$ cat upload-v3.cif   # mmCIF, C-alpha atoms
data_coords
#
loop_
_atom_site.group_PDB
_atom_site.id
_atom_site.type_symbol
_atom_site.label_atom_id
_atom_site.label_comp_id
_atom_site.auth_asym_id
_atom_site.auth_seq_id
_atom_site.Cartn_x
_atom_site.Cartn_y
_atom_site.Cartn_z
ATOM 1 C CA MET A 1 88.748 75.436 10.946
ATOM 2 C CA LYS A 2 88.209 73.595 14.256
ATOM 3 C CA THR A 3 90.373 76.133 16.060
ATOM 4 C CA ALA A 4 88.348 79.026 14.668
ATOM 5 C CA ARG A 5 85.125 77.325 15.737
ATOM 6 C CA ARG A 6 86.471 76.702 19.238
ATOM 7 C CA ILE A 7 87.565 80.307 19.543
ATOM 8 C CA SER A 8 84.131 81.465 18.376
ATOM 9 C CA VAL A 9 82.374 79.214 20.874
ATOM 10 C CA LEU A 10 84.697 80.358 23.661
ATOM 11 C CA PHE A 11 84.090 84.007 22.724
ATOM 12 C CA LEU A 12 80.298 83.543 22.676
ATOM 13 C CA ALA A 13 80.335 81.703 26.005
ATOM 14 C CA THR A 14 82.439 84.455 27.577
ATOM 15 C CA ALA A 15 80.095 87.129 26.230
ATOM 16 C CA ALA A 16 77.061 85.256 27.554
ATOM 17 C CA LEU A 17 78.604 84.918 31.013
ATOM 18 C CA ALA A 18 79.524 88.588 31.081
ATOM 19 C CA ALA A 19 75.966 89.554 30.156
ATOM 20 C CA CYS A 20 74.572 87.427 32.962
ATOM 21 C CA SER A 21 77.113 88.417 35.586
ATOM 22 C CA GLY A 22 75.127 91.390 36.884
ATOM 23 C CA GLY A 23 72.922 90.389 39.754
ATOM 24 C CA PRO A 24 71.108 91.835 42.729
ATOM 25 C CA GLY A 25 74.417 92.463 44.515
ATOM 26 C CA ASP A 26 75.893 94.688 41.807
ATOM 27 C CA ASN A 27 73.642 97.665 42.641
ATOM 28 C CA ALA A 28 72.263 97.981 39.113
ATOM 29 C CA VAL A 29 68.753 99.337 38.760
ATOM 30 C CA PRO A 30 66.239 96.452 38.416
ATOM 31 C CA SER A 31 64.735 97.834 35.199
ATOM 32 C CA SER A 32 63.744 94.472 33.687
ATOM 33 C CA TRP A 33 62.018 93.490 36.943
ATOM 34 C CA ILE A 34 60.219 96.862 37.062
ATOM 35 C CA ARG A 35 59.045 96.391 33.453
ATOM 36 C CA LYS A 36 57.626 92.952 34.356
ATOM 37 C CA GLU A 37 56.116 93.972 37.687
ATOM 38 C CA TYR A 38 54.464 97.279 36.733
ATOM 39 C CA ARG A 39 52.474 98.513 33.719
ATOM 40 C CA ALA A 40 53.885 101.021 31.257
ATOM 41 C CA GLY A 41 52.084 104.355 31.414
ATOM 42 C CA GLY A 42 52.152 107.869 32.776
ATOM 43 C CA GLY A 43 55.599 108.556 31.331
ATOM 44 C CA GLY A 44 57.127 105.553 33.092
ATOM 45 C CA TYR A 45 55.628 102.564 34.856
ATOM 46 C CA VAL A 46 52.511 102.578 36.988
ATOM 47 C CA ASP A 47 51.169 100.771 40.020
ATOM 48 C CA ARG A 48 47.505 101.779 40.039
ATOM 49 C CA THR A 49 46.824 100.923 43.684
ATOM 50 C CA ASP A 50 49.915 100.965 45.917
ATOM 51 C CA PRO A 51 51.173 104.169 47.526
ATOM 52 C CA VAL A 52 54.650 105.563 46.858
ATOM 53 C CA SER A 53 56.276 104.126 49.997
ATOM 54 C CA THR A 54 54.970 100.612 49.286
ATOM 55 C CA VAL A 55 56.246 100.659 45.684
ATOM 56 C CA ALA A 56 59.627 102.024 46.817
ATOM 57 C CA ASP A 57 59.858 99.248 49.419
ATOM 58 C CA GLU A 58 59.007 96.600 46.783
ATOM 59 C CA ILE A 59 61.690 97.847 44.382
ATOM 60 C CA ASP A 60 64.298 98.262 47.121
ATOM 61 C CA LYS A 61 63.503 94.807 48.489
ATOM 62 C CA HIS A 62 64.018 93.252 45.047
ATOM 63 C CA THR A 63 67.344 95.036 44.489
ATOM 64 C CA SER A 64 68.790 97.076 47.336
ATOM 65 C CA ALA A 65 69.410 100.680 46.449
ATOM 66 C CA GLN A 66 72.731 102.336 47.227
ATOM 67 C CA ASP A 67 70.782 105.152 48.869
ATOM 68 C CA ARG A 68 67.206 106.260 49.419
ATOM 69 C CA THR A 69 65.711 109.655 50.105
ATOM 70 C CA SER A 70 62.271 111.233 50.259
ATOM 71 C CA SER A 71 61.153 114.692 49.296
ATOM 72 C CA SER A 72 57.606 115.997 49.351
ATOM 73 C CA SER A 73 55.470 112.998 48.432
ATOM 74 C CA MET A 74 58.212 111.326 46.363
ATOM 75 C CA VAL A 75 60.801 108.626 47.045
ATOM 76 C CA PHE A 76 64.113 108.393 45.187
ATOM 77 C CA LEU A 77 66.224 105.258 44.990
ATOM 78 C CA ARG A 78 69.862 105.620 43.945
ATOM 79 C CA TYR A 79 71.514 102.765 42.125
ATOM 80 C CA ARG A 80 75.034 102.514 40.699
ATOM 81 C CA ASP A 81 74.322 104.519 37.534
ATOM 82 C CA ASP A 82 70.612 105.291 37.796
ATOM 83 C CA ILE A 83 67.897 106.977 39.812
ATOM 84 C CA VAL A 84 64.410 105.545 40.298
ATOM 85 C CA ALA A 85 61.832 108.196 41.172
ATOM 86 C CA ILE A 86 58.483 107.087 42.599
ATOM 87 C CA SER A 87 55.705 109.664 42.756
ATOM 88 C CA PRO A 88 51.943 109.693 43.383
ATOM 89 C CA TYR A 89 49.887 109.034 40.264
ATOM 90 C CA GLN A 90 46.094 108.726 39.971
ATOM 91 C CA GLY A 91 45.583 107.003 43.316
ATOM 92 C CA GLY A 92 48.684 104.821 42.902
ATOM 93 C CA SER A 93 52.300 105.423 41.967
ATOM 94 C CA ARG A 94 54.409 106.252 38.930
ATOM 95 C CA ILE A 95 57.934 104.822 38.604
ATOM 96 C CA GLU A 96 60.461 106.653 36.434
ATOM 97 C CA ILE A 97 64.004 105.487 35.712
ATOM 98 C CA ASP A 98 66.742 107.906 34.640
ATOM 99 C CA ASP A 99 70.495 107.546 34.356
ATOM 100 C CA TYR A 100 72.142 109.302 37.301
ATOM 101 C CA ARG A 101 73.237 112.471 35.487
ATOM 102 C CA ASN A 102 69.880 113.125 33.778
ATOM 103 C CA GLY A 103 67.887 112.077 36.827
ATOM 104 C CA TYR A 104 69.902 114.348 39.086
ATOM 105 C CA ARG A 105 69.365 117.296 36.756
ATOM 106 C CA ARG A 106 65.658 116.520 36.490
ATOM 107 C CA TRP A 107 65.073 116.051 40.209
ATOM 108 C CA LYS A 108 67.782 118.442 41.477
ATOM 109 C CA PRO A 109 65.448 120.435 43.782
ATOM 110 C CA HIS A 110 64.779 117.175 45.664
ATOM 111 C CA LEU A 111 68.300 115.729 45.562
ATOM 112 C CA SER A 112 70.864 118.536 45.688
ATOM 113 C CA SER A 113 71.218 118.546 49.459
ATOM 114 C CA VAL A 114 71.598 114.764 49.818
ATOM 115 C CA TRP A 115 73.307 113.278 46.729
ATOM 116 C CA PRO A 116 76.437 114.376 44.865
ATOM 117 C CA ASP A 117 76.074 116.577 41.810
ATOM 118 C CA PRO A 118 77.419 114.660 38.793
ATOM 119 C CA ASP A 119 78.548 117.959 37.238
ATOM 120 C CA SER A 120 80.778 118.911 40.181
ATOM 121 C CA ASP A 121 84.553 118.491 40.030
ATOM 122 C CA SER A 122 84.479 116.137 43.005
ATOM 123 C CA PHE A 123 81.923 113.703 41.571
ATOM 124 C CA ARG A 124 83.496 110.280 41.045
ATOM 125 C CA GLY A 125 80.542 108.341 39.691
ATOM 126 C CA GLY A 126 79.130 105.200 41.120
ATOM 127 C CA GLY A 127 80.752 102.270 39.368
ATOM 128 C CA PRO A 128 83.571 100.191 40.782
ATOM 129 C CA GLY A 129 86.902 101.950 40.347
ATOM 130 C CA SER A 130 85.327 104.893 38.522
ATOM 131 C CA GLY A 131 86.964 108.275 38.803
ATOM 132 C CA LYS A 132 90.216 107.036 40.261
#

$ encode --input "upload-v3.cif" --output "structure tokens"
Amino acid sequence: MKTARRISVLFLATAALAACSGGPGDNAVPSSWIRKEYRAGGGGYVDRTDPVSTVADEIDKHTSAQDRTSSSSMVFLRYRDDIVAISPYQGGSRIEIDDYRNGYRRWKPHLSSVWPDPDSDSFRGGGPGSGK
């Protein structure tokens, strides 16, 4: 019985450490920070006063994006498996988070000339060791 308990505790501790291992350096989208920092609304999250470039800078400063591009009045931040799109919204900005594949499809007119198409044969993904 003690052995089973120890194994259970060890398993739970390992799971907890794995869940916490992602940090600012792992290039994961800062979705929990965005949820805390901005209000839900407008089909995503909203900053009612700051312009697009300021919001993009705030998000990128919190967790550095793998890449950043602008198109029209929008800014796109590329993270390991996600895209954050920041667009003008009622005098402020709207922040939308999509996984890379769906975000690329959605925003393709803005991204096709600068980021890889996830549906192409040469796309390897963004995670460590993916596509090898």

$ resolve_selection --input "upload-v3.cif" --expression "the PyMOL selection byres ((chain A and resi 93-103) around 6)" --output "PDB file with C-alpha atoms, keeping the file's coordinate frame"
ATOM      1  CA  GLY A  44      57.127 105.553  33.092  1.00  0.00           C
ATOM      2  CA  TYR A  45      55.628 102.564  34.856  1.00  0.00           C
ATOM      3  CA  VAL A  46      52.511 102.578  36.988  1.00  0.00           C
ATOM      4  CA  ASP A  47      51.169 100.771  40.020  1.00  0.00           C
ATOM      5  CA  PRO A  51      51.173 104.169  47.526  1.00  0.00           C
ATOM      6  CA  VAL A  52      54.650 105.563  46.858  1.00  0.00           C
ATOM      7  CA  ASP A  81      74.322 104.519  37.534  1.00  0.00           C
ATOM      8  CA  ASP A  82      70.612 105.291  37.796  1.00  0.00           C
ATOM      9  CA  ILE A  83      67.897 106.977  39.812  1.00  0.00           C
ATOM     10  CA  VAL A  84      64.410 105.545  40.298  1.00  0.00           C
ATOM     11  CA  ALA A  85      61.832 108.196  41.172  1.00  0.00           C
ATOM     12  CA  ILE A  86      58.483 107.087  42.599  1.00  0.00           C
ATOM     13  CA  SER A  87      55.705 109.664  42.756  1.00  0.00           C
ATOM     14  CA  PRO A  88      51.943 109.693  43.383  1.00  0.00           C
ATOM     15  CA  TYR A  89      49.887 109.034  40.264  1.00  0.00           C
ATOM     16  CA  GLY A  92      48.684 104.821  42.902  1.00  0.00           C
ATOM     17  CA  TYR A 104      69.902 114.348  39.086  1.00  0.00           C
ATOM     18  CA  ARG A 105      69.365 117.296  36.756  1.00  0.00           C
ATOM     19  CA  ARG A 106      65.658 116.520  36.490  1.00  0.00           C
ATOM     20  CA  TRP A 107      65.073 116.051  40.209  1.00  0.00           C
ATOM     21  CA  PRO A 118      77.419 114.660  38.793  1.00  0.00           C
TER      22      PRO A 118
END

$ closest_residue --input "upload-v3.cif" --among "A:Ser64, A:Ser32, A:Thr69, A:Asn27" --to "Ser113 (chain A)" --atoms "only C-alpha atoms"
A:Thr69

$ closest_residue --input "upload-v3.cif" --among "A:Tyr38, A:Trp33, A:Trp115, A:Phe76" --to "Ala56 (chain A)" --atoms "all atoms listed in the file"
A:Phe76

$ closest_residue --input "upload-v3.cif" --among "A:Gly91, A:Ser120, A:Arg35, A:Lys108" --to "Thr49 (chain A)" --atoms "all atoms listed in the file"
A:Gly91

$ resolve_selection --input "upload-v3.cif" --expression "the PyMOL selection byres ((chain A and resi 28) around 7)" --output "list in words"
Asp26, Asn27, Val29, Pro30, Tyr79 and Arg80 of chain A

$ axis_aligned_box --input "upload-v3.cif" --around "region 65-77 of chain A" --padding-each-side "5 Å" --output "AutoDock Vina command-line options"
--center_x 64.1 --center_y 108.3 --center_z 47.6 --size_x 27.3 --size_y 25.3 --size_z 15.3

$ atom_distance --input "upload-v3.cif" --atom1 "CA of Glu37 (chain A)" --atom2 "CA of Ser71 (chain A)"
24.3 Å

$ decode --input "upload-v3.cif" --residues "region 61-98 of chain A" --atoms "N, CA, C and O atoms" --output "JSON list (two decimals), in the first residue's frame"
[["chain", "number", "residue", "atom", "x", "y", "z"],
["A", 61, "LYS", "N", 6.10, 41.97, -25.42],
["A", 61, "LYS", "CA", 7.02, 42.22, -24.30],
["A", 61, "LYS", "C", 6.82, 41.17, -23.20],
["A", 61, "LYS", "O", 7.77, 40.72, -22.59],
["A", 62, "HIS", "N", 5.56, 40.79, -22.96],
["A", 62, "HIS", "CA", 5.29, 39.79, -21.93],
["A", 62, "HIS", "C", 5.85, 38.43, -22.33],
["A", 62, "HIS", "O", 6.50, 37.76, -21.53],
["A", 63, "THR", "N", 5.59, 38.00, -23.56],
["A", 63, "THR", "CA", 6.11, 36.75, -24.08],
["A", 63, "THR", "C", 6.52, 36.99, -25.52],
["A", 63, "THR", "O", 5.67, 37.24, -26.38],
["A", 64, "SER", "N", 7.81, 36.93, -25.78],
["A", 64, "SER", "CA", 8.33, 37.23, -27.11],
["A", 64, "SER", "C", 7.75, 36.30, -28.16],
["A", 64, "SER", "O", 7.77, 35.08, -27.99],
["A", 65, "ALA", "N", 7.27, 36.90, -29.22],
["A", 65, "ALA", "CA", 6.74, 36.13, -30.34],
["A", 65, "ALA", "C", 7.89, 35.59, -31.17],
["A", 65, "ALA", "O", 8.98, 36.17, -31.22],
["A", 66, "GLN", "N", 7.64, 34.48, -31.84],
["A", 66, "GLN", "CA", 8.61, 33.89, -32.77],
["A", 66, "GLN", "C", 8.79, 34.81, -33.97],
["A", 66, "GLN", "O", 9.88, 34.92, -34.51],
["A", 67, "ASP", "N", 7.70, 35.47, -34.37],
["A", 67, "ASP", "CA", 7.74, 36.38, -35.50],
["A", 67, "ASP", "C", 6.61, 37.39, -35.36],
["A", 67, "ASP", "O", 5.65, 37.16, -34.63],
["A", 68, "ARG", "N", 6.75, 38.49, -36.07],
["A", 68, "ARG", "CA", 5.75, 39.56, -36.01],
["A", 68, "ARG", "C", 5.64, 40.17, -37.39],
["A", 68, "ARG", "O", 6.66, 40.40, -38.06],
["A", 69, "THR", "N", 4.41, 40.43, -37.82],
["A", 69, "THR", "CA", 4.22, 41.10, -39.09],
["A", 69, "THR", "C", 3.01, 42.01, -39.00],
["A", 69, "THR", "O", 2.14, 41.82, -38.14],
["A", 70, "SER", "N", 2.98, 42.99, -39.88],
["A", 70, "SER", "CA", 1.85, 43.92, -39.95],
["A", 70, "SER", "C", 1.26, 43.88, -41.34],
["A", 70, "SER", "O", 1.96, 43.68, -42.33],
["A", 71, "SER", "N", -0.04, 44.10, -41.40],
["A", 71, "SER", "CA", -0.72, 44.17, -42.68],
["A", 71, "SER", "C", -1.94, 45.06, -42.49],
["A", 71, "SER", "O", -2.73, 44.86, -41.57],
["A", 72, "SER", "N", -2.08, 46.03, -43.37],
["A", 72, "SER", "CA", -3.14, 47.03, -43.22],
["A", 72, "SER", "C", -2.99, 47.67, -41.85],
["A", 72, "SER", "O", -1.93, 48.11, -41.49],
["A", 73, "SER", "N", -4.03, 47.65, -41.06],
["A", 73, "SER", "CA", -3.97, 48.26, -39.73],
["A", 73, "SER", "C", -3.85, 47.20, -38.64],
["A", 73, "SER", "O", -4.10, 47.47, -37.48],
["A", 74, "MET", "N", -3.46, 45.97, -39.03],
["A", 74, "MET", "CA", -3.38, 44.86, -38.09],
["A", 74, "MET", "C", -1.94, 44.47, -37.79],
["A", 74, "MET", "O", -1.05, 44.71, -38.60],
["A", 75, "VAL", "N", -1.75, 43.83, -36.63],
["A", 75, "VAL", "CA", -0.46, 43.24, -36.27],
["A", 75, "VAL", "C", -0.71, 41.78, -35.93],
["A", 75, "VAL", "O", -1.69, 41.45, -35.25],
["A", 76, "PHE", "N", 0.19, 40.91, -36.41],
["A", 76, "PHE", "CA", 0.09, 39.48, -36.15],
["A", 76, "PHE", "C", 1.34, 39.03, -35.42],
["A", 76, "PHE", "O", 2.46, 39.35, -35.84],
["A", 77, "LEU", "N", 1.14, 38.30, -34.34],
["A", 77, "LEU", "CA", 2.24, 37.73, -33.57],
["A", 77, "LEU", "C", 2.19, 36.22, -33.74],
["A", 77, "LEU", "O", 1.14, 35.60, -33.53],
["A", 78, "ARG", "N", 3.31, 35.63, -34.11],
["A", 78, "ARG", "CA", 3.38, 34.18, -34.31],
["A", 78, "ARG", "C", 4.08, 33.55, -33.11],
["A", 78, "ARG", "O", 5.19, 33.92, -32.77],
["A", 79, "TYR", "N", 3.39, 32.61, -32.51],
["A", 79, "TYR", "CA", 3.96, 31.83, -31.42],
["A", 79, "TYR", "C", 4.11, 30.39, -31.90],
["A", 79, "TYR", "O", 3.79, 30.07, -33.04],
["A", 80, "ARG", "N", 4.64, 29.53, -31.06],
["A", 80, "ARG", "CA", 4.96, 28.16, -31.45],
["A", 80, "ARG", "C", 3.81, 27.49, -32.21],
["A", 80, "ARG", "O", 4.00, 26.98, -33.30],
["A", 81, "ASP", "N", 2.62, 27.49, -31.64],
["A", 81, "ASP", "CA", 1.48, 26.80, -32.25],
["A", 81, "ASP", "C", 0.28, 27.71, -32.47],
["A", 81, "ASP", "O", -0.81, 27.21, -32.75],
["A", 82, "ASP", "N", 0.46, 29.01, -32.31],
["A", 82, "ASP", "CA", -0.68, 29.93, -32.33],
["A", 82, "ASP", "C", -0.34, 31.23, -33.04],
["A", 82, "ASP", "O", 0.82, 31.58, -33.21],
["A", 83, "ILE", "N", -1.41, 31.93, -33.41],
["A", 83, "ILE", "CA", -1.30, 33.27, -33.97],
["A", 83, "ILE", "C", -2.17, 34.20, -33.13],
["A", 83, "ILE", "O", -3.31, 33.87, -32.81],
["A", 84, "VAL", "N", -1.62, 35.35, -32.77],
["A", 84, "VAL", "CA", -2.39, 36.39, -32.10],
["A", 84, "VAL", "C", -2.56, 37.52, -33.10],
["A", 84, "VAL", "O", -1.57, 38.04, -33.63],
["A", 85, "ALA", "N", -3.81, 37.85, -33.40],
["A", 85, "ALA", "CA", -4.12, 38.93, -34.33],
["A", 85, "ALA", "C", -4.67, 40.11, -33.54],
["A", 85, "ALA", "O", -5.59, 39.95, -32.74],
["A", 86, "ILE", "N", -4.09, 41.28, -33.74],
["A", 86, "ILE", "CA", -4.55, 42.49, -33.07],
["A", 86, "ILE", "C", -5.04, 43.45, -34.15],
["A", 86, "ILE", "O", -4.33, 43.74, -35.11],
["A", 87, "SER", "N", -6.29, 43.89, -33.98],
["A", 87, "SER", "CA", -6.90, 44.77, -34.98],
["A", 87, "SER", "C", -7.60, 45.94, -34.30],
["A", 87, "SER", "O", -7.94, 45.86, -33.12],
["A", 88, "PRO", "N", -7.84, 47.02, -35.04],
["A", 88, "PRO", "CA", -8.56, 48.16, -34.46],
["A", 88, "PRO", "C", -9.98, 47.75, -34.08],
["A", 88, "PRO", "O", -10.62, 46.96, -34.78],
["A", 89, "TYR", "N", -10.46, 48.30, -32.97],
["A", 89, "TYR", "CA", -11.81, 47.97, -32.52],
["A", 89, "TYR", "C", -12.35, 49.10, -31.66],
["A", 89, "TYR", "O", -11.83, 49.35, -30.56],
["A", 90, "GLN", "N", -13.34, 49.81, -32.15],
["A", 90, "GLN", "CA", -14.06, 50.85, -31.41],
["A", 90, "GLN", "C", -13.14, 51.79, -30.63],
["A", 90, "GLN", "O", -13.31, 52.03, -29.46],
["A", 91, "GLY", "N", -12.15, 52.34, -31.30],
["A", 91, "GLY", "CA", -11.23, 53.29, -30.69],
["A", 91, "GLY", "C", -10.11, 52.65, -29.89],
["A", 91, "GLY", "O", -9.25, 53.34, -29.36],
["A", 92, "GLY", "N", -10.08, 51.34, -29.82],
["A", 92, "GLY", "CA", -9.03, 50.59, -29.13],
["A", 92, "GLY", "C", -8.56, 49.45, -30.00],
["A", 92, "GLY", "O", -8.38, 49.61, -31.21],
["A", 93, "SER", "N", -8.40, 48.28, -29.39],
["A", 93, "SER", "CA", -7.91, 47.12, -30.12],
["A", 93, "SER", "C", -8.64, 45.85, -29.71],
["A", 93, "SER", "O", -9.06, 45.71, -28.57],
["A", 94, "ARG", "N", -8.74, 44.93, -30.68],
["A", 94, "ARG", "CA", -9.28, 43.60, -30.41],
["A", 94, "ARG", "C", -8.13, 42.61, -30.57],
["A", 94, "ARG", "O", -7.35, 42.69, -31.51],
["A", 95, "ILE", "N", -8.07, 41.64, -29.64],
["A", 95, "ILE", "CA", -7.04, 40.60, -29.66],
["A", 95, "ILE", "C", -7.73, 39.27, -29.89],
["A", 95, "ILE", "O", -8.64, 38.91, -29.14],
["A", 96, "GLU", "N", -7.31, 38.56, -30.92],
["A", 96, "GLU", "CA", -7.89, 37.24, -31.22],
["A", 96, "GLU", "C", -6.77, 36.21, -31.27],
["A", 96, "GLU", "O", -5.71, 36.46, -31.86],
["A", 97, "ILE", "N", -7.01, 35.07, -30.66],
["A", 97, "ILE", "CA", -6.02, 33.99, -30.61],
["A", 97, "ILE", "C", -6.57, 32.79, -31.38],
["A", 97, "ILE", "O", -7.68, 32.35, -31.13],
["A", 98, "ASP", "N", -5.78, 32.30, -32.32],
["A", 98, "ASP", "CA", -6.14, 31.10, -33.09],
["A", 98, "ASP", "C", -4.95, 30.16, -33.10],
["A", 98, "ASP", "O", -3.80, 30.61, -33.07]]
